[in-house]
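> Next comes the structure file my_file.cif, holding mmCIF, C-alpha atoms.
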data_input
#
loop_
_atom_site.group_PDB
_atom_site.id
_atom_site.type_symbol
_atom_site.label_atom_id
_atom_site.label_comp_id
_atom_site.auth_asym_id
_atom_site.auth_seq_id
_atom_site.Cartn_x
_atom_site.Cartn_y
_atom_site.Cartn_z
ATOM 1 C CA MET O 1 -10.782 -6.047 -21.012
ATOM 2 C CA GLN O 2 -14.039 -8.011 -20.858
ATOM 3 C CA ASN O 3 -13.406 -8.759 -17.171
ATOM 4 C CA LEU O 4 -12.757 -5.096 -16.436
ATOM 5 C CA SER O 5 -15.880 -4.014 -18.302
ATOM 6 C CA ALA O 6 -17.985 -6.546 -16.412
ATOM 7 C CA ALA O 7 -16.635 -5.324 -13.071
ATOM 8 C CA VAL O 8 -17.233 -1.650 -13.924
ATOM 9 C CA ASP O 9 -20.747 -2.360 -15.223
ATOM 10 C CA ALA O 10 -21.660 -4.197 -12.005
ATOM 11 C CA ILE O 11 -20.376 -1.299 -9.892
ATOM 12 C CA ARG O 12 -22.188 1.284 -12.017
ATOM 13 C CA LYS O 13 -25.470 -0.533 -11.345
ATOM 14 C CA ARG O 14 -24.920 0.209 -7.650
ATOM 15 C CA THR O 15 -23.580 3.762 -7.851
ATOM 16 C CA LYS O 16 -23.152 6.551 -10.391
ATOM 17 C CA LEU O 17 -20.619 8.376 -8.200
ATOM 18 C CA ILE O 18 -17.440 9.346 -10.069
ATOM 19 C CA PRO O 19 -14.573 9.211 -7.558
ATOM 20 C CA GLU O 20 -11.720 11.705 -7.708
ATOM 21 C CA VAL O 21 -9.458 9.778 -5.320
ATOM 22 C CA GLY O 22 -8.824 6.059 -5.003
ATOM 23 C CA ILE O 23 -7.605 4.755 -1.634
ATOM 24 C CA ILE O 24 -6.125 1.347 -0.792
ATOM 25 C CA LEU O 25 -6.063 0.608 2.937
ATOM 26 C CA GLY O 26 -3.523 -1.870 4.277
ATOM 27 C CA THR O 27 -3.348 -4.155 7.309
ATOM 28 C CA GLY O 28 -5.092 -2.732 10.374
ATOM 29 C CA LEU O 29 -5.461 0.702 8.788
ATOM 30 C CA GLY O 30 -9.204 1.082 8.415
ATOM 31 C CA GLY O 31 -9.718 4.193 10.548
ATOM 32 C CA LEU O 32 -10.033 6.468 7.537
ATOM 33 C CA VAL O 33 -13.373 4.836 6.762
ATOM 34 C CA GLU O 34 -14.786 6.388 9.944
ATOM 35 C CA GLU O 35 -13.890 9.860 8.610
ATOM 36 C CA ALA O 36 -15.698 9.241 5.326
ATOM 37 C CA ASN O 37 -19.347 9.705 4.495
ATOM 38 C CA ILE O 38 -20.018 6.318 2.905
ATOM 39 C CA ASN O 39 -22.921 6.165 0.443
ATOM 40 C CA VAL O 40 -22.417 2.720 -1.087
ATOM 41 C CA SER O 41 -20.643 -0.420 0.155
ATOM 42 C CA ILE O 42 -20.063 -3.331 -2.226
ATOM 43 C CA ASP O 43 -18.607 -6.676 -1.163
ATOM 44 C CA TYR O 44 -15.745 -7.791 -3.376
ATOM 45 C CA GLN O 45 -17.516 -11.096 -3.919
ATOM 46 C CA ASP O 46 -20.382 -9.210 -5.588
ATOM 47 C CA ILE O 47 -18.102 -7.663 -8.222
ATOM 48 C CA PRO O 48 -17.412 -9.914 -11.242
ATOM 49 C CA HIS O 49 -13.768 -11.033 -11.537
ATOM 50 C CA PHE O 50 -12.715 -9.298 -8.311
ATOM 51 C CA PRO O 51 -10.523 -11.494 -6.119
ATOM 52 C CA THR O 52 -11.627 -12.159 -2.543
ATOM 53 C CA SER O 53 -9.379 -10.961 0.272
ATOM 54 C CA THR O 54 -8.244 -13.939 2.349
ATOM 55 C CA VAL O 55 -6.269 -11.992 4.971
ATOM 56 C CA GLU O 56 -8.187 -11.890 8.250
ATOM 57 C CA SER O 57 -7.588 -8.163 8.932
ATOM 58 C CA HIS O 58 -8.823 -7.123 5.457
ATOM 59 C CA HIS O 59 -12.585 -6.526 5.240
ATOM 60 C CA GLY O 60 -13.107 -7.035 1.510
ATOM 61 C CA LYS O 61 -15.374 -4.118 0.610
ATOM 62 C CA LEU O 62 -15.336 -1.388 -2.030
ATOM 63 C CA LEU O 63 -16.682 1.797 -0.464
ATOM 64 C CA PHE O 64 -17.955 4.932 -2.206
ATOM 65 C CA GLY O 65 -18.499 8.284 -0.526
ATOM 66 C CA THR O 66 -16.882 11.610 0.305
ATOM 67 C CA ILE O 67 -13.953 12.788 2.417
ATOM 68 C CA ASN O 68 -13.533 16.527 2.894
ATOM 69 C CA GLY O 69 -16.094 17.064 0.159
ATOM 70 C CA LYS O 70 -14.184 15.021 -2.420
ATOM 71 C CA TYR O 71 -15.625 11.875 -3.959
ATOM 72 C CA VAL O 72 -13.585 8.797 -3.059
ATOM 73 C CA VAL O 73 -13.534 5.066 -3.635
ATOM 74 C CA ILE O 74 -11.893 3.058 -0.861
ATOM 75 C CA MET O 75 -10.580 -0.479 -1.039
ATOM 76 C CA GLN O 76 -11.135 -1.751 2.494
ATOM 77 C CA GLY O 77 -8.737 -4.640 2.141
ATOM 78 C CA ARG O 78 -6.299 -5.423 -0.664
ATOM 79 C CA PHE O 79 -4.938 -8.474 -2.445
ATOM 80 C CA HIS O 80 -1.462 -9.963 -2.323
ATOM 81 C CA TYR O 81 0.607 -12.177 -4.574
ATOM 82 C CA TYR O 82 1.161 -14.557 -1.639
ATOM 83 C CA GLU O 83 -2.564 -15.304 -1.510
ATOM 84 C CA GLY O 84 -2.126 -17.189 -4.774
ATOM 85 C CA TYR O 85 -3.417 -14.507 -7.118
ATOM 86 C CA SER O 86 -1.688 -13.479 -10.332
ATOM 87 C CA MET O 87 -0.304 -9.954 -10.531
ATOM 88 C CA GLN O 88 -3.062 -9.118 -13.011
ATOM 89 C CA GLN O 89 -5.665 -10.155 -10.415
ATOM 90 C CA VAL O 90 -3.891 -8.228 -7.642
ATOM 91 C CA THR O 91 -3.961 -5.042 -9.709
ATOM 92 C CA LEU O 92 -7.351 -5.430 -11.404
ATOM 93 C CA PRO O 93 -9.042 -3.126 -8.822
ATOM 94 C CA VAL O 94 -6.621 -0.310 -9.682
ATOM 95 C CA ARG O 95 -7.589 -0.530 -13.342
ATOM 96 C CA VAL O 96 -11.246 -0.610 -12.320
ATOM 97 C CA MET O 97 -10.794 2.518 -10.180
ATOM 98 C CA LYS O 98 -9.146 4.293 -13.107
ATOM 99 C CA LEU O 99 -12.076 3.374 -15.370
ATOM 100 C CA LEU O 100 -14.428 4.685 -12.673
ATOM 101 C CA GLY O 101 -12.672 8.056 -12.870
ATOM 102 C CA ILE O 102 -9.979 8.418 -10.187
ATOM 103 C CA ARG O 103 -7.325 11.101 -10.720
ATOM 104 C CA HIS O 104 -5.168 10.305 -7.668
ATOM 105 C CA LEU O 105 -4.313 7.074 -5.834
ATOM 106 C CA LEU O 106 -3.417 6.935 -2.128
ATOM 107 C CA ILE O 107 -2.010 3.701 -0.680
ATOM 108 C CA SER O 108 -1.140 2.542 2.828
ATOM 109 C CA ASN O 109 0.606 -0.581 4.015
ATOM 110 C CA ALA O 110 2.171 -2.204 7.055
ATOM 111 C CA ALA O 111 5.915 -2.734 6.761
ATOM 112 C CA GLY O 112 8.970 -3.855 8.678
ATOM 113 C CA GLY O 113 11.484 -1.139 9.470
ATOM 114 C CA LEU O 114 15.073 -1.609 8.293
ATOM 115 C CA ASN O 115 16.343 1.895 9.021
ATOM 116 C CA HIS O 116 17.813 2.200 12.526
ATOM 117 C CA ASN O 117 16.167 5.612 12.918
ATOM 118 C CA PHE O 118 12.721 4.010 12.721
ATOM 119 C CA GLN O 119 10.577 2.968 15.658
ATOM 120 C CA ILE O 120 7.455 0.838 15.835
ATOM 121 C CA SER O 121 4.297 2.768 14.787
ATOM 122 C CA ASP O 122 6.295 5.427 12.918
ATOM 123 C CA LEU O 123 5.109 6.457 9.463
ATOM 124 C CA MET O 124 7.303 6.312 6.352
ATOM 125 C CA LEU O 125 6.353 8.317 3.275
ATOM 126 C CA ILE O 126 7.455 6.171 0.338
ATOM 127 C CA GLY O 127 9.751 8.157 -1.919
ATOM 128 C CA ASP O 128 10.907 5.245 -4.053
ATOM 129 C CA HIS O 129 10.776 1.461 -4.130
ATOM 130 C CA ILE O 130 12.749 -1.665 -4.946
ATOM 131 C CA ASN O 131 10.721 -4.369 -6.655
ATOM 132 C CA LEU O 132 11.840 -7.860 -5.598
ATOM 133 C CA LEU O 133 8.574 -9.574 -6.515
ATOM 134 C CA PRO O 134 8.869 -12.563 -8.884
ATOM 135 C CA GLN O 135 6.263 -11.325 -11.373
ATOM 136 C CA ASN O 136 5.238 -8.014 -12.915
ATOM 137 C CA PRO O 137 1.600 -6.992 -13.548
ATOM 138 C CA LEU O 138 2.465 -5.641 -17.005
ATOM 139 C CA VAL O 139 3.719 -8.980 -18.321
ATOM 140 C CA GLY O 140 1.471 -10.386 -21.052
ATOM 141 C CA ALA O 141 -0.896 -8.816 -23.547
ATOM 142 C CA HIS O 142 -0.492 -5.051 -23.890
ATOM 143 C CA TYR O 143 -3.585 -2.832 -24.050
ATOM 144 C CA PRO O 144 -2.562 0.590 -25.463
ATOM 145 C CA GLU O 145 -5.626 2.248 -23.906
ATOM 146 C CA PHE O 146 -3.974 1.787 -20.492
ATOM 147 C CA GLY O 147 -0.693 3.428 -21.469
ATOM 148 C CA PRO O 148 2.727 2.471 -22.786
ATOM 149 C CA MET O 149 4.122 -1.063 -22.716
ATOM 150 C CA PHE O 150 7.323 0.297 -21.134
ATOM 151 C CA PRO O 151 6.145 2.969 -18.662
ATOM 152 C CA ASP O 152 8.734 5.283 -17.157
ATOM 153 C CA MET O 153 9.289 4.711 -13.419
ATOM 154 C CA SER O 154 11.740 7.514 -12.667
ATOM 155 C CA GLU O 155 9.071 9.158 -10.474
ATOM 156 C CA PRO O 156 6.734 6.423 -9.211
ATOM 157 C CA TYR O 157 5.507 8.553 -6.297
ATOM 158 C CA ASP O 158 4.101 12.011 -6.988
ATOM 159 C CA GLU O 159 6.403 14.796 -5.808
ATOM 160 C CA ALA O 160 3.603 17.339 -5.354
ATOM 161 C CA MET O 161 1.617 15.041 -3.047
ATOM 162 C CA MET O 162 4.839 14.116 -1.245
ATOM 163 C CA GLN O 163 5.585 17.764 -0.558
ATOM 164 C CA LYS O 164 2.056 18.363 0.740
ATOM 165 C CA ALA O 165 2.411 15.319 3.025
ATOM 166 C CA GLN O 166 5.743 16.592 4.344
ATOM 167 C CA ASP O 167 4.111 19.938 5.099
ATOM 168 C CA ILE O 168 1.367 18.119 7.039
ATOM 169 C CA ALA O 169 3.723 15.720 8.873
ATOM 170 C CA PRO O 170 4.875 18.051 11.714
ATOM 171 C CA SER O 171 1.281 18.370 12.930
ATOM 172 C CA LEU O 172 0.689 14.613 13.197
ATOM 173 C CA GLY O 173 2.229 14.075 16.611
ATOM 174 C CA CYS O 174 4.326 11.092 15.499
ATOM 175 C CA ASN O 175 7.628 10.333 13.820
ATOM 176 C CA CYS O 176 7.241 10.625 10.046
ATOM 177 C CA HIS O 177 10.126 9.679 7.759
ATOM 178 C CA LYS O 178 10.717 9.458 4.015
ATOM 179 C CA GLY O 179 12.300 6.315 2.635
ATOM 180 C CA VAL O 180 12.615 3.451 0.182
ATOM 181 C CA TYR O 181 10.190 0.517 0.308
ATOM 182 C CA ALA O 182 11.256 -2.965 -0.795
ATOM 183 C CA ALA O 183 8.512 -5.328 -1.969
ATOM 184 C CA VAL O 184 8.960 -9.088 -1.474
ATOM 185 C CA SER O 185 6.552 -11.922 -2.136
ATOM 186 C CA GLY O 186 6.123 -13.375 1.371
ATOM 187 C CA PRO O 187 4.235 -14.750 3.148
ATOM 188 C CA ASN O 188 7.180 -15.793 5.329
ATOM 189 C CA LEU O 189 9.202 -13.041 6.942
ATOM 190 C CA GLU O 190 12.866 -12.612 6.126
ATOM 191 C CA THR O 191 15.983 -14.198 7.567
ATOM 192 C CA ARG O 192 18.711 -12.160 9.248
ATOM 193 C CA ALA O 193 20.835 -12.454 6.109
ATOM 194 C CA GLU O 194 17.943 -11.257 3.942
ATOM 195 C CA TYR O 195 17.397 -8.225 6.182
ATOM 196 C CA ARG O 196 21.107 -7.389 5.861
ATOM 197 C CA TYR O 197 20.819 -7.723 2.083
ATOM 198 C CA LEU O 198 17.798 -5.398 1.989
ATOM 199 C CA GLN O 199 19.631 -2.810 4.064
ATOM 200 C CA LEU O 200 22.672 -3.153 1.792
ATOM 201 C CA ILE O 201 20.681 -2.427 -1.372
ATOM 202 C CA GLY O 202 19.128 0.690 0.142
ATOM 203 C CA ALA O 203 15.740 -0.320 1.554
ATOM 204 C CA ASP O 204 14.373 1.505 4.600
ATOM 205 C CA ALA O 205 11.316 -0.752 4.985
ATOM 206 C CA VAL O 206 10.089 -4.059 3.608
ATOM 207 C CA GLY O 207 6.590 -5.332 2.865
ATOM 208 C CA MET O 208 4.539 -7.617 0.634
ATOM 209 C CA SER O 209 2.289 -5.236 -1.308
ATOM 210 C CA THR O 210 1.892 -1.799 -2.924
ATOM 211 C CA VAL O 211 4.474 -1.984 -5.741
ATOM 212 C CA PRO O 212 2.265 -3.890 -8.231
ATOM 213 C CA GLU O 213 -0.527 -1.362 -7.731
ATOM 214 C CA VAL O 214 1.910 1.519 -8.189
ATOM 215 C CA ILE O 215 3.293 0.061 -11.429
ATOM 216 C CA VAL O 216 -0.183 -0.268 -12.918
ATOM 217 C CA ALA O 217 -1.265 3.188 -11.734
ATOM 218 C CA ARG O 218 1.796 4.823 -13.225
ATOM 219 C CA GLN O 219 1.294 3.021 -16.533
ATOM 220 C CA MET O 220 -2.154 4.652 -16.591
ATOM 221 C CA ASP O 221 -0.642 8.041 -15.592
ATOM 222 C CA VAL O 222 -2.400 8.128 -12.213
ATOM 223 C CA PRO O 223 -0.347 10.064 -9.616
ATOM 224 C CA VAL O 224 0.421 7.942 -6.534
ATOM 225 C CA PHE O 225 1.115 8.697 -2.874
ATOM 226 C CA ALA O 226 1.968 5.850 -0.478
ATOM 227 C CA THR O 227 2.756 5.506 3.210
ATOM 228 C CA SER O 228 4.058 2.612 5.288
ATOM 229 C CA VAL O 229 3.243 2.098 8.940
ATOM 230 C CA ILE O 230 6.285 0.554 10.622
ATOM 231 C CA THR O 231 4.718 -2.335 12.531
ATOM 232 C CA ASP O 232 7.957 -4.096 13.525
ATOM 233 C CA VAL O 233 11.664 -3.361 13.330
ATOM 234 C CA CYS O 234 13.897 -5.752 11.407
ATOM 235 C CA PHE O 235 17.409 -5.131 12.674
ATOM 236 C CA PRO O 236 19.415 -8.302 11.937
ATOM 237 C CA ASP O 237 21.596 -8.085 15.053
ATOM 238 C CA ALA O 238 18.680 -7.483 17.422
ATOM 239 C CA LEU O 239 15.917 -9.480 15.790
ATOM 240 C CA GLU O 240 12.835 -10.547 17.714
ATOM 241 C CA LYS O 241 10.301 -13.109 16.559
ATOM 242 C CA VAL O 242 7.288 -11.445 14.978
ATOM 243 C CA VAL O 243 3.853 -11.966 16.511
ATOM 244 C CA VAL O 244 0.896 -11.046 14.266
ATOM 245 C CA GLU O 245 -1.055 -9.631 17.210
ATOM 246 C CA LYS O 246 1.787 -7.198 17.932
ATOM 247 C CA ILE O 247 1.858 -6.103 14.284
ATOM 248 C CA LEU O 248 -1.866 -5.364 14.343
ATOM 249 C CA ALA O 249 -1.491 -3.506 17.658
ATOM 250 C CA ALA O 250 1.319 -1.364 16.193
ATOM 251 C CA ALA O 251 -0.842 -0.548 13.167
ATOM 252 C CA GLU O 252 -3.721 0.362 15.454
ATOM 253 C CA ARG O 253 -1.529 2.810 17.412
ATOM 254 C CA ALA O 254 -0.437 4.490 14.199
ATOM 255 C CA GLU O 255 -3.899 4.554 12.674
ATOM 256 C CA PRO O 256 -5.005 7.982 14.001
ATOM 257 C CA HIS O 257 -1.859 9.602 12.580
ATOM 258 C CA LEU O 258 -2.246 7.925 9.196
ATOM 259 C CA THR O 259 -5.933 8.853 9.106
ATOM 260 C CA GLN O 260 -5.122 12.505 9.810
ATOM 261 C CA LEU O 261 -2.410 12.501 7.145
ATOM 262 C CA PHE O 262 -4.703 11.078 4.454
ATOM 263 C CA TYR O 263 -7.634 13.285 5.530
ATOM 264 C CA GLU O 264 -5.584 16.484 5.268
ATOM 265 C CA LEU O 265 -3.819 15.378 2.080
ATOM 266 C CA ILE O 266 -7.147 14.705 0.373
ATOM 267 C CA ASN O 267 -8.299 18.163 1.457
ATOM 268 C CA ALA O 268 -5.171 19.670 -0.124
ATOM 269 C CA LEU O 269 -5.566 17.943 -3.509
#
I need this file expressed as structure tokens, please.

Amino acid sequence: MQNLSAAVDAIRKRTKLIPEVGIILGTGLGGLVEEANINVSIDYQDIPHFPTSTVESHHGKLLFGTINGKYVVIMQGRFHYYEGYSMQQVTLPVRVMKLLGIRHLLISNAAGGLNHNFQISDLMLIGDHINLLPQNPLVGAHYPEFGPMFPDMSEPYDEAMMQKAQDIAPSLGCNCHKGVYAAVSGPNLETRAEYRYLQLIGADAVGMSTVPEVIVARQMDVPVFATSVITDVCFPDALEKVVVEKILAAAERAEPHLTQLFYELINAL
């Protein structure tokens, strides 16, 4: 709690803006920033107790401004368990955003497609998830002010925002699916047998983020909407070696569609 208070106090010295919407941007998905009117930019390293993003494609800035007339706070770069951080560190920014005032959380990520109907650069609206991460951000001391110790997860992703996104999807000019996201620790990618296992248990896409943030947001009763960009396809019987440059290129191709989706969804909130 002291760490959270210190982080919030440092941010409040830079801006008094009270954001309505929190946004976490994933790998190669920074185009939404260009649609925002940014008033304040704070480097993560200047916020007490904030981790520092070590992934090359993540900028590491907390941005404050407006999108479609609504006040937003944008995480331009996120944190991952595979970077060596605890789950409490990974999710600390979500708690900070809640203390700053957010009422909705929008998340994007890059993911591998497991569903044979998916193609590279498609979007997948996350309707549910499977948590295969080795730790949980709620393990440890319980702070009642953040919500229950055993939060319900029967509806981790907000149905009202999902419906609005599905109404917007036909206008995006890309394939947009709804599916189940499986979260794994990484940083290595999966074997053929692991991809088969993930398909068997019902996953449509696999990635290394998002679920910890969703768990913490739902504990605090913050409605969540999340979208995956399918940056590679992970079909066990036709598997190709993954090249990071190709993943970033796939995310870049999808970026205009994701930006439009988030822009219009924020307008509809």
> Got a sec to resolve the PyMOL selection byres ((chain O and resi 106) around 9) on this structure and send the residues as a ChimeraX atom specification?
/O:21-25,104-105,107-108,223-227,262,266
> Report as a list in words the residues that result from applying the PyMOL selection byres ((chain O and resi 185) around 6) to the structure here.
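Checked against the file, the PyMOL selection byres ((chain O and resi 185) around 6) matches Leu133, Val184, Gly186 and Met208 of chain O.
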> Here's the selection I'm unsure about, the PyMOL selection byres ((chain O and resi 83-95) around 8); applied to the file above, which residues does it give, as a PDB file with C-alpha atoms, in the frame of the given file?

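Heads up, here's the output in out13.pdb:
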ATOM      1  CA  LEU O   4     -12.757  -5.096 -16.436  1.00  0.00           C
ATOM      2  CA  PHE O  50     -12.715  -9.298  -8.311  1.00  0.00           C
ATOM      3  CA  PRO O  51     -10.523 -11.494  -6.119  1.00  0.00           C
ATOM      4  CA  THR O  54      -8.244 -13.939   2.349  1.00  0.00           C
ATOM      5  CA  ARG O  78      -6.299  -5.423  -0.664  1.00  0.00           C
ATOM      6  CA  PHE O  79      -4.938  -8.474  -2.445  1.00  0.00           C
ATOM      7  CA  HIS O  80      -1.462  -9.963  -2.323  1.00  0.00           C
ATOM      8  CA  TYR O  81       0.607 -12.177  -4.574  1.00  0.00           C
ATOM      9  CA  TYR O  82       1.161 -14.557  -1.639  1.00  0.00           C
ATOM     10  CA  VAL O  96     -11.246  -0.610 -12.320  1.00  0.00           C
ATOM     11  CA  MET O  97     -10.794   2.518 -10.180  1.00  0.00           C
ATOM     12  CA  LYS O  98      -9.146   4.293 -13.107  1.00  0.00           C
ATOM     13  CA  LEU O  99     -12.076   3.374 -15.370  1.00  0.00           C
ATOM     14  CA  GLN O 135       6.263 -11.325 -11.373  1.00  0.00           C
ATOM     15  CA  ASN O 136       5.238  -8.014 -12.915  1.00  0.00           C
ATOM     16  CA  PRO O 137       1.600  -6.992 -13.548  1.00  0.00           C
ATOM     17  CA  LEU O 138       2.465  -5.641 -17.005  1.00  0.00           C
ATOM     18  CA  PRO O 212       2.265  -3.890  -8.231  1.00  0.00           C
ATOM     19  CA  GLU O 213      -0.527  -1.362  -7.731  1.00  0.00           C
ATOM     20  CA  VAL O 216      -0.183  -0.268 -12.918  1.00  0.00           C
ATOM     21  CA  ALA O 217      -1.265   3.188 -11.734  1.00  0.00           C
TER      22      ALA O 217
END
> Atom CA of Gly202 of chain O to atom CA of Leu239 of chain O: how many Å, to one decimal?
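Interatomic distance, atom CA of Gly202 of chain O to atom CA of Leu239 of chain O: 18.9 Å.
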> Box for segment 205-218 of chain O - axis-aligned, 3 Å on each of the six sides, all listed atoms - centre and size in Å to one decimal, as AutoDock Vina command-line options.

--center_x 5.0 --center_y -1.4 --center_z -4.1 --size_x 18.6 --size_y 18.4 --size_z 24.2
> Using all atoms listed in the file, pick whichever of O:Leu265, O:Leu132, O:Met75, O:Ile230 has the shortest atom-to-atom distance to Leu248 of chain O.
O:Ile230
> Could you jot down the atom CA of Ala268 of chain O to atom CA of Phe146 of chain O separation for me, Å, one decimal place?
27.1 Å
> From the set O:Leu125, O:Ala7, O:Ala36, O:Ile215, which residue has the shortest atom-to-atom contact distance to Gly69 of chain O, counting only C-alpha atoms?
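Smallest separation from Gly69 of chain O among the options: O:Ala36.
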> Do you have the atom CA of Val206 of chain O-atom CA of Leu114 of chain O distance handy?
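So the two atoms, atom CA of Val206 of chain O and atom CA of Leu114 of chain O, lie 7.3 Å apart.
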> Identify which of the residues O:Lys16, O:Arg103, O:His49, O:Arg196 lies closest to Met1 of chain O, counting all atoms listed in the file when measuring atom-to-atom distances.
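Looking only at the distances to Met1 of chain O, the closest residue turns out to be O:His49.
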> Do a neighbour search on segment 169-172 of chain O at 8 Å with all atoms listed in the file, toss out local chain neighbours closer than 4 positions, and write the hits as a PyMOL selection string.
chain O and resi 165+176+257+260-261
> Counting all atoms listed in the file, which of O:Val40, O:Val222, O:Ile168, O:Val33 gets nearest to Ile67 of chain O?
O:Val33
> For each of O:Val211, O:Ile42, O:Gln219, O:Leu100, take the minimum atom-to-atom distance to His142 of chain O, counting all atoms listed in the file, then give the residue where this is smallest.
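Under the stated criterion, the closest residue is O:Gln219.
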> Looking at O:Met220, O:Gly113, O:Pro19, O:Ala141, which one is nearest to Tyr195 of chain O, with distances taken over all atoms listed in the file?
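Closest to Tyr195 of chain O, using all atoms listed in the file: O:Gly113.
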> Would you mind completing segment 204-220 of chain O to N, CA and C atoms and writing the output as a PDB file, in the coordinates of the input?

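Below is the file part_3.pdb, written as the result:
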ATOM      1  N   ASP O 204      14.651   1.024   3.247  1.00  0.00           N
ATOM      2  CA  ASP O 204      14.373   1.505   4.600  1.00  0.00           C
ATOM      3  C   ASP O 204      13.252   0.722   5.270  1.00  0.00           C
ATOM      4  N   ALA O 205      12.425   0.050   4.461  1.00  0.00           N
ATOM      5  CA  ALA O 205      11.316  -0.752   4.985  1.00  0.00           C
ATOM      6  C   ALA O 205      11.017  -1.855   3.986  1.00  0.00           C
ATOM      7  N   VAL O 206      10.394  -2.926   4.474  1.00  0.00           N
ATOM      8  CA  VAL O 206      10.089  -4.059   3.608  1.00  0.00           C
ATOM      9  C   VAL O 206       8.655  -4.511   3.858  1.00  0.00           C
ATOM     10  N   GLY O 207       7.965  -4.862   2.762  1.00  0.00           N
ATOM     11  CA  GLY O 207       6.590  -5.332   2.865  1.00  0.00           C
ATOM     12  C   GLY O 207       6.243  -6.223   1.685  1.00  0.00           C
ATOM     13  N   MET O 208       4.972  -6.614   1.607  1.00  0.00           N
ATOM     14  CA  MET O 208       4.539  -7.617   0.634  1.00  0.00           C
ATOM     15  C   MET O 208       3.428  -7.102  -0.281  1.00  0.00           C
ATOM     16  N   SER O 209       3.393  -5.797  -0.510  1.00  0.00           N
ATOM     17  CA  SER O 209       2.289  -5.236  -1.308  1.00  0.00           C
ATOM     18  C   SER O 209       2.738  -3.961  -2.002  1.00  0.00           C
ATOM     19  N   THR O 210       1.768  -3.191  -2.479  1.00  0.00           N
ATOM     20  CA  THR O 210       1.892  -1.799  -2.924  1.00  0.00           C
ATOM     21  C   THR O 210       2.556  -1.637  -4.291  1.00  0.00           C
ATOM     22  N   VAL O 211       3.731  -2.227  -4.509  1.00  0.00           N
ATOM     23  CA  VAL O 211       4.474  -1.984  -5.741  1.00  0.00           C
ATOM     24  C   VAL O 211       3.699  -2.401  -6.995  1.00  0.00           C
ATOM     25  N   PRO O 212       3.036  -3.564  -7.023  1.00  0.00           N
ATOM     26  CA  PRO O 212       2.265  -3.890  -8.231  1.00  0.00           C
ATOM     27  C   PRO O 212       1.201  -2.847  -8.553  1.00  0.00           C
ATOM     28  N   GLU O 213       0.509  -2.368  -7.519  1.00  0.00           N
ATOM     29  CA  GLU O 213      -0.527  -1.362  -7.731  1.00  0.00           C
ATOM     30  C   GLU O 213       0.071  -0.062  -8.261  1.00  0.00           C
ATOM     31  N   VAL O 214       1.247   0.296  -7.748  1.00  0.00           N
ATOM     32  CA  VAL O 214       1.910   1.519  -8.189  1.00  0.00           C
ATOM     33  C   VAL O 214       2.325   1.406  -9.661  1.00  0.00           C
ATOM     34  N   ILE O 215       2.864   0.258 -10.042  1.00  0.00           N
ATOM     35  CA  ILE O 215       3.293   0.061 -11.429  1.00  0.00           C
ATOM     36  C   ILE O 215       2.113   0.256 -12.386  1.00  0.00           C
ATOM     37  N   VAL O 216       0.992  -0.359 -12.058  1.00  0.00           N
ATOM     38  CA  VAL O 216      -0.183  -0.268 -12.918  1.00  0.00           C
ATOM     39  C   VAL O 216      -0.736   1.160 -12.940  1.00  0.00           C
ATOM     40  N   ALA O 217      -0.776   1.809 -11.788  1.00  0.00           N
ATOM     41  CA  ALA O 217      -1.265   3.188 -11.734  1.00  0.00           C
ATOM     42  C   ALA O 217      -0.395   4.118 -12.566  1.00  0.00           C
ATOM     43  N   ARG O 218       0.905   3.946 -12.471  1.00  0.00           N
ATOM     44  CA  ARG O 218       1.796   4.823 -13.225  1.00  0.00           C
ATOM     45  C   ARG O 218       1.713   4.549 -14.723  1.00  0.00           C
ATOM     46  N   GLN O 219       1.508   3.293 -15.106  1.00  0.00           N
ATOM     47  CA  GLN O 219       1.294   3.021 -16.533  1.00  0.00           C
ATOM     48  C   GLN O 219       0.102   3.822 -17.050  1.00  0.00           C
ATOM     49  N   MET O 220      -0.938   3.940 -16.202  1.00  0.00           N
ATOM     50  CA  MET O 220      -2.154   4.652 -16.591  1.00  0.00           C
ATOM     51  C   MET O 220      -2.070   6.149 -16.284  1.00  0.00           C
TER      52      MET O 220
END
